[in-house]
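Here's the structure we're looking at; comments come further down.
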Amino acid sequence: MGWKAAEKLIRHWKVLRGDTVMIIRGKDKGDTGVVKRVVRSQNRVIVEGKNLVKKHIKAGEGHEGGIFTVEAPLHASNVQVLDPVTGRPCKVGIKYLEDGTKVRVSRGEGASGSIIPRPEILKIRTTPRPTFAGSKDTPMSLVLEKTYDAKTGKGMPDL
C-alpha cells in the first residue's frame, strides 16, 4: 500500500465486529444486519447476509468448483450503527463517564444520546492463547538466569 492509500485509512473506528448496523447506501439500502468482520486495511466491513454476490470458483484439490453466493465487503461509510433506544441509524461519539470508563454514545439527528454497548463477541478471542509451552518457547530456567553482573562486569564480551 502506498502512502496516499495509507492516508485515507480510518484511524478511529466507530463500527466494531458484532455491532447492529443499517446499510445507508447500495443495493441493500435500508436493511439491517450484524457486522461479521471488519477489514481495517481497506476501510470495509462485512455484514451478515447482506451485499450478496455470485462468485465463480474453479475446482481444485480438496474442493469443488461452481458458482457460490458470498457476502462482499461494504465501505465503512455506507453503514451506520443503530441507536439502541430508537432503533434508527446514528453517528457514534465517545464519552468518558464519571468513573473514567470510555463508552460509545449515539449522536446526530434523532439520536437518543444513550450508551451503545460494546458487543459481547469482542470478549471472545478468535484464536485462544496457548496454555502450554511449545517447542520454540524459551524455558523459564533460562529466562530467569542472571547472565550479567553490573558491579563486577561479569558477562561483558571482550571487545
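Going through the C-alpha cells in order, the chains are called A, B, and so on, while each chain numbers its residues from 1 and the ligands are numbered from 1 in the order shown.
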
* Got a sec: who's within 12 Å of region 125-131 of chain A, counting only C-alpha atoms, leaving out chain neighbours fewer than 5 positions off, as a list in words? ->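 The neighbour list is Arg17, Arg37, Glu120 and Asp137 of chain A.
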
* Distance CA of Gly87 (chain A)-CA of Val35 (chain A), one decimal place? -> 16.0 Å

* Excluding Gly110 (chain A) and any residue of its chain fewer than 3 positions from it, enumerate the residues within 12 Å of it, using only C-alpha atoms, and give them as a list in words. =>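 My reading of the contact set: Leu82, Asp83, Val85, Thr86, Gly87, Arg88, Pro89, Cys90, Lys91, Ser106, Arg107, Gly113 and Ser114 of chain A.
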
Print the selection's residues with all heavy atoms to a file, as an mmCIF file, in the first residue's frame.
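Saved to part.cif:
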```cif
data_model
loop_
_atom_site.group_PDB
_atom_site.id
_atom_site.type_symbol
_atom_site.label_atom_id
_atom_site.label_comp_id
_atom_site.auth_asym_id
_atom_site.auth_seq_id
_atom_site.Cartn_x
_atom_site.Cartn_y
_atom_site.Cartn_z
ATOM 1 N N LEU A 82 -26.857 1.278 14.693
ATOM 2 C CA LEU A 82 -28.230 1.581 15.121
ATOM 3 C C LEU A 82 -28.248 2.053 16.569
ATOM 4 O O LEU A 82 -27.545 1.513 17.426
ATOM 5 C CB LEU A 82 -29.115 0.338 14.981
ATOM 6 C CG LEU A 82 -29.450 -0.105 13.567
ATOM 7 C CD1 LEU A 82 -30.342 -1.328 13.607
ATOM 8 C CD2 LEU A 82 -30.130 0.998 12.792
ATOM 9 N N ASP A 83 -29.062 3.067 16.824
ATOM 10 C CA ASP A 83 -29.269 3.580 18.179
ATOM 11 C C ASP A 83 -30.006 2.504 18.982
ATOM 12 O O ASP A 83 -31.052 2.014 18.547
ATOM 13 C CB ASP A 83 -30.101 4.859 18.114
ATOM 14 C CG ASP A 83 -30.172 5.591 19.434
ATOM 15 O OD1 ASP A 83 -30.221 4.928 20.482
ATOM 16 O OD2 ASP A 83 -30.189 6.835 19.416
ATOM 17 N N VAL A 85 -31.859 2.706 21.585
ATOM 18 C CA VAL A 85 -33.155 3.138 22.110
ATOM 19 C C VAL A 85 -34.165 3.345 20.986
ATOM 20 O O VAL A 85 -35.263 2.778 21.006
ATOM 21 C CB VAL A 85 -32.996 4.427 22.956
ATOM 22 C CG1 VAL A 85 -34.350 4.945 23.412
ATOM 23 C CG2 VAL A 85 -32.104 4.161 24.157
ATOM 24 N N THR A 86 -33.797 4.154 19.978
ATOM 25 C CA THR A 86 -34.747 4.492 18.919
ATOM 26 C C THR A 86 -34.752 3.478 17.779
ATOM 27 O O THR A 86 -35.734 3.383 17.053
ATOM 28 C CB THR A 86 -34.429 5.878 18.328
ATOM 29 O OG1 THR A 86 -33.124 5.844 17.734
ATOM 30 C CG2 THR A 86 -34.476 6.955 19.387
ATOM 31 N N GLY A 87 -33.664 2.742 17.600
ATOM 32 C CA GLY A 87 -33.581 1.767 16.504
ATOM 33 C C GLY A 87 -33.299 2.405 15.158
ATOM 34 O O GLY A 87 -33.401 1.754 14.125
ATOM 35 N N ARG A 88 -32.931 3.694 15.161
ATOM 36 C CA ARG A 88 -32.610 4.395 13.924
ATOM 37 C C ARG A 88 -31.096 4.516 13.776
ATOM 38 O O ARG A 88 -30.374 4.502 14.774
ATOM 39 C CB ARG A 88 -33.234 5.797 13.941
ATOM 40 C CG ARG A 88 -34.762 5.732 13.945
ATOM 41 C CD ARG A 88 -35.371 7.107 13.979
ATOM 42 N NE ARG A 88 -34.906 7.888 12.846
ATOM 43 C CZ ARG A 88 -34.979 9.212 12.796
ATOM 44 N NH1 ARG A 88 -35.474 9.884 13.808
ATOM 45 N NH2 ARG A 88 -34.544 9.860 11.726
ATOM 46 N N PRO A 89 -30.588 4.663 12.535
ATOM 47 C CA PRO A 89 -29.141 4.821 12.375
ATOM 48 C C PRO A 89 -28.662 6.136 12.974
ATOM 49 O O PRO A 89 -29.383 7.140 12.932
ATOM 50 C CB PRO A 89 -28.933 4.792 10.858
ATOM 51 C CG PRO A 89 -30.257 5.083 10.267
ATOM 52 C CD PRO A 89 -31.288 4.640 11.244
ATOM 53 N N CYS A 90 -27.471 6.109 13.557
ATOM 54 C CA CYS A 90 -26.931 7.304 14.202
ATOM 55 C C CYS A 90 -25.416 7.327 14.067
ATOM 56 O O CYS A 90 -24.797 6.329 13.724
ATOM 57 C CB CYS A 90 -27.314 7.333 15.680
ATOM 58 S SG CYS A 90 -26.587 5.983 16.622
ATOM 59 N N LYS A 91 -24.854 8.498 14.337
ATOM 60 C CA LYS A 91 -23.399 8.617 14.410
ATOM 61 C C LYS A 91 -22.958 8.136 15.784
ATOM 62 O O LYS A 91 -23.754 8.098 16.722
ATOM 63 C CB LYS A 91 -22.979 10.074 14.193
ATOM 64 C CG LYS A 91 -23.273 10.587 12.813
ATOM 65 C CD LYS A 91 -22.843 12.032 12.687
ATOM 66 C CE LYS A 91 -23.136 12.549 11.285
ATOM 67 N NZ LYS A 91 -22.748 13.951 11.155
ATOM 68 N N SER A 106 -24.628 7.453 21.206
ATOM 69 C CA SER A 106 -25.262 7.789 19.927
ATOM 70 C C SER A 106 -25.348 9.303 19.798
ATOM 71 O O SER A 106 -25.657 10.003 20.747
ATOM 72 C CB SER A 106 -26.651 7.155 19.846
ATOM 73 O OG SER A 106 -27.458 7.602 20.911
ATOM 74 N N ARG A 107 -25.052 9.792 18.588
ATOM 75 C CA ARG A 107 -25.058 11.220 18.293
ATOM 76 C C ARG A 107 -25.836 11.467 17.022
ATOM 77 O O ARG A 107 -26.137 10.546 16.284
ATOM 78 C CB ARG A 107 -23.623 11.733 18.043
ATOM 79 C CG ARG A 107 -22.701 11.715 19.169
ATOM 80 C CD ARG A 107 -21.304 12.215 18.766
ATOM 81 N NE ARG A 107 -21.321 13.352 17.875
ATOM 82 C CZ ARG A 107 -20.763 13.374 16.654
ATOM 83 N NH1 ARG A 107 -20.164 12.320 16.179
ATOM 84 N NH2 ARG A 107 -20.810 14.448 15.910
ATOM 85 N N GLY A 113 -28.856 9.778 22.420
ATOM 86 C CA GLY A 113 -27.709 10.118 23.269
ATOM 87 C C GLY A 113 -27.380 9.039 24.271
ATOM 88 O O GLY A 113 -26.617 9.260 25.207
ATOM 89 N N SER A 114 -27.952 7.847 24.081
ATOM 90 C CA SER A 114 -27.727 6.751 25.025
ATOM 91 C C SER A 114 -26.412 6.032 24.736
ATOM 92 O O SER A 114 -25.816 6.178 23.665
ATOM 93 C CB SER A 114 -28.884 5.754 24.954
ATOM 94 O OG SER A 114 -28.939 5.199 23.666
#
```

* Rounded to one decimal place, report the CA of Val15 (chain A)-CA of Tyr96 (chain A) distance in Å. =>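 Taking CA of Val15 (chain A) and CA of Tyr96 (chain A), their separation equals 18.1 Å.
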
* To do: Name the residues of region 47-132 of chain A that come out as strand (DSSP E) in a backbone DSSP run; write them as JSON, numbers by chain.
  => {"A": [47, 52, 53, 54, 55, 56, 57, 66, 67, 68, 69, 70, 71, 74, 75, 79, 80, 81, 82, 89, 90, 91, 92, 93, 94, 95, 96, 102, 103, 104, 105, 106, 107, 115, 116]}

* **Computed interatomic separation between CA of Ile23 (chain A) and CA of Val79 (chain A) (Å)** =>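 Between CA of Ile23 (chain A) and CA of Val79 (chain A) the gap works out to 4.5 Å.
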
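Considering only chain A, backbone DSSP assigns alpha helix (DSSP H) to Trp3, Lys4, Ala5, Ala6, Glu7, Met140, Ser141, Leu142 and Val143 of chain A.
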
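Using only C-alpha atoms, the contacts of Lys102 (chain A) at a cut-off of 12 Å, with sequence neighbours closer than 4 positions omitted, comprise A:Gly93, A:Ile94, A:Lys95, A:Tyr96, A:Leu97, A:Glu98, A:Ile115, A:Ile116, A:Pro117, A:Arg118.
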
* To do: Could you check which of A:Lys14, A:Lys123, A:Lys4, A:Lys151 is closest to Val38 (chain A), using only C-alpha atoms?
  => A:Lys14
